[in-house]
Amino acid sequence: MIKKMYNNYMYKARLKNAFIVAGLYLDFKKGDTPVRRYPSIGAFHNKKDYLEYVFYLPQGMNPAKIEDNRYIFSQTFGKSYDLKGDGLKYVLKVFKKELAEKITFDLEEIEKRMSDKKMIVPIVSGYDALGNLIMYDMAPDPNLLVAGETGSGKSVMLKAILISLMLFRRGEIEYYLADLKMAQFHLYRRCEDVKSVDVEPKAVLNTLKTLEKELTARCEIFDKYEVEDITEYNQLKGVEKKKPILFCVDEVVVLKGNTKAMQIIEKLVCLGRACLMFVIFSVQRPDSKIFDGAIKANLTVRYAFRHADKTNSNITLGNDSGVDASKIRKSQKGKFYMRHDETILLKAPMIEKEEAKELLKPLKKIPIPDDIPKDPNRIEPFDDDITDFNSKEDDEK
């Protein structure tokens, strides 16, 4: 008991020392007596896997001091810690284990979690510092933003999401993929549930028009069958079930000047939840002109990999997130902040390119010449070499 009390005292002293080194204090006078006030530690818990501190800033202290001195917390507590706050109250968790440098794509564990039929569209997030696999259901929490610099881990994250869905929710979801970087989604061509893989803005617009028609048709179902959403409609007897639809676009910024495309995307984002039609955006640099207003309000889940600066981090996670994705180092590829019910630091599971190809082989359809569509903008039956496709300016701009 005495040893435990002593250890707890030393743990608190460690945080107080961090406050001193970081200059987190206010100087004032009580009469003629100088007084120095530090943040107050309101609670401390020594849990099995982490230490948890709750502390409060003294009135009058600028919360920016916390952000400016995060490196002191890294130097004091190591790499594996999480600090969140609202400008007054802060919660610091210091994990007793580091986030693994590399976490493999655990097929068995992911399949077990995705077999939970309570989740309609289960989305893989990543692993927390305790080694727990974090997932969420896109049906109640529609639309996902995955943002971060080149090489930070976005592509790996998208592979984990799409491959896990295609493998373990086979035949249950339809996919429309837009690869405006022409670099990633050729992997999914000819997969049985993939309806399109577009690499040019004009082709993407055609796909979006198709999705807009489907959105309208599903909305009309609500009035015809007197239901609130497609989930309720699918529970009716004698009706043709409607599958969830996932539209995933890599580098939506390329569509920024295409008014019609962005209008349809906004409709999908705003109305898609009830229709089981969802959007995943992947971008290198979050653009406030794209992700403002109605679109940003409906991006209910956000993944922030390494960002260039705090401004971009705030665009992705919000000014009130209490974290800064620009503090993720280049060497920490695959680490990201997930904003959902709360903002947490996770590590994406790694899937190598060759492993991904092997996993998707059972899902590939062999193209038959008579079945090749005449529409040149539909590229799923073509060879995986995308170097023959040259971007064209969208005449809709």
# chains A, B, ... in the order shown; residues from 1 in each chain; ligands from 1
$ select_by_dssp --residues "range 98-266 of chain A" --states "strand (DSSP E)" --output "JSON, numbers by chain"
{"A": [122, 123, 124, 125, 126, 127, 133, 134, 135, 136, 137, 144, 145, 146, 147, 174, 175, 176, 177, 178, 179, 194, 195, 196, 197, 198, 245, 246, 247, 248, 249, 250]}
$ residues_around --residues "Ala274 in chain A" --least-positions-apart "2" --cutoff "8 Å" --atoms "only C-alpha atoms" --output "PyMOL selection string"
chain A and resi 228-231+271-272+276-277
$ select_by_dssp --residues "range 146-370 of chain A" --states "helix (DSSP H, G or I)" --output "ChimeraX atom specification"
/A:154-168,185-188,201-225,230-234,252-255,259-275,293-297,310-317,325-327,353-363,369-370
$ closest_atom_pairs --of "range 103-169 of chain A" --to "range 183-186 of chain A" --cutoff "10 Å" --atoms "only C-alpha atoms" --output "tab-separated table"
residue	atom	partner	partner_atom	distance
A:Ser155	CA	A:Gln184	CA	7.4
A:Val156	CA	A:Gln184	CA	9.9
A:Leu158	CA	A:Gln184	CA	9.3
A:Lys159	CA	A:Gln184	CA	9.0
$ write_last_selection --atoms "N, CA and C atoms" --output "mmCIF file, in the first residue's frame"
data_model
loop_
_atom_site.group_PDB
_atom_site.id
_atom_site.type_symbol
_atom_site.label_atom_id
_atom_site.label_comp_id
_atom_site.auth_asym_id
_atom_site.auth_seq_id
_atom_site.Cartn_x
_atom_site.Cartn_y
_atom_site.Cartn_z
ATOM 1 N N SER A 155 -3.435 5.400 -48.243
ATOM 2 C CA SER A 155 -3.710 4.306 -49.185
ATOM 3 C C SER A 155 -3.810 2.972 -48.468
ATOM 4 N N VAL A 156 -2.950 2.763 -47.487
ATOM 5 C CA VAL A 156 -2.999 1.534 -46.686
ATOM 6 C C VAL A 156 -4.335 1.450 -45.951
ATOM 7 N N LEU A 158 -7.233 2.843 -46.830
ATOM 8 C CA LEU A 158 -8.312 2.554 -47.773
ATOM 9 C C LEU A 158 -8.317 1.081 -48.164
ATOM 10 N N LYS A 159 -7.131 0.489 -48.345
ATOM 11 C CA LYS A 159 -7.069 -0.941 -48.662
ATOM 12 C C LYS A 159 -7.663 -1.774 -47.531
#
$ residues_around --residues "Tyr11 in chain A" --least-positions-apart "5" --cutoff "9 Å" --atoms "only C-alpha atoms" --output "VMD selection string"
chain A and resid 6 16 44 46 51
$ write_last_selection --atoms "N, CA and C atoms" --output "short mmCIF file (atom, residue, chain, number, x, y, z; two decimals), in the first residue's frame"
data_model
loop_
_atom_site.label_atom_id
_atom_site.label_comp_id
_atom_site.auth_asym_id
_atom_site.auth_seq_id
_atom_site.Cartn_x
_atom_site.Cartn_y
_atom_site.Cartn_z
N TYR A 6 3.52 5.75 -2.86
CA TYR A 6 4.76 6.40 -3.24
C TYR A 6 4.87 6.50 -4.78
N LYS A 16 4.07 17.30 -12.82
CA LYS A 16 4.37 18.64 -12.31
C LYS A 16 5.70 19.15 -12.86
N PHE A 44 -5.89 11.31 -10.67
CA PHE A 44 -4.86 10.44 -11.23
C PHE A 44 -5.29 8.99 -11.05
N ASN A 46 -3.93 5.00 -11.90
CA ASN A 46 -2.91 4.07 -12.37
C ASN A 46 -3.62 2.79 -12.81
N LEU A 51 -1.56 5.20 -17.55
CA LEU A 51 -1.75 6.17 -16.47
C LEU A 51 -2.66 7.27 -16.99
#
$ residues_around --residues "range 21-31 of chain A" --least-positions-apart "4" --cutoff "10 Å" --atoms "only C-alpha atoms" --output "PyMOL selection string"
chain A and resi 15-17+35-39+57-63+65-66+68-73+76
$ atom_distance --atom1 "CA of Thr216 in chain A" --atom2 "CA of Gln263 in chain A"
14.0 Å
$ residues_around --residues "Lys260 in chain A" --least-positions-apart "2" --cutoff "10 Å" --atoms "only C-alpha atoms" --output "ChimeraX atom specification"
/A:205,208-209,255-258,262-266,396-397
$ atom_distance --atom1 "CA of Cys270 in chain A" --atom2 "CA of Ile295 in chain A"
7.0 Å
$ closest_residue --among "A:Asp287, A:Asp137, A:Asp309, A:Asp324" --to "Gly85 in chain A" --atoms "only C-alpha atoms"
A:Asp324
$ closest_residue --among "A:Gln235, A:Thr316, A:Ser115, A:Ser164" --to "Val301 in chain A" --atoms "only C-alpha atoms"
A:Thr316
$ atom_distance --atom1 "CA of Lys347 in chain A" --atom2 "CA of Asp128 in chain A"
6.6 Å
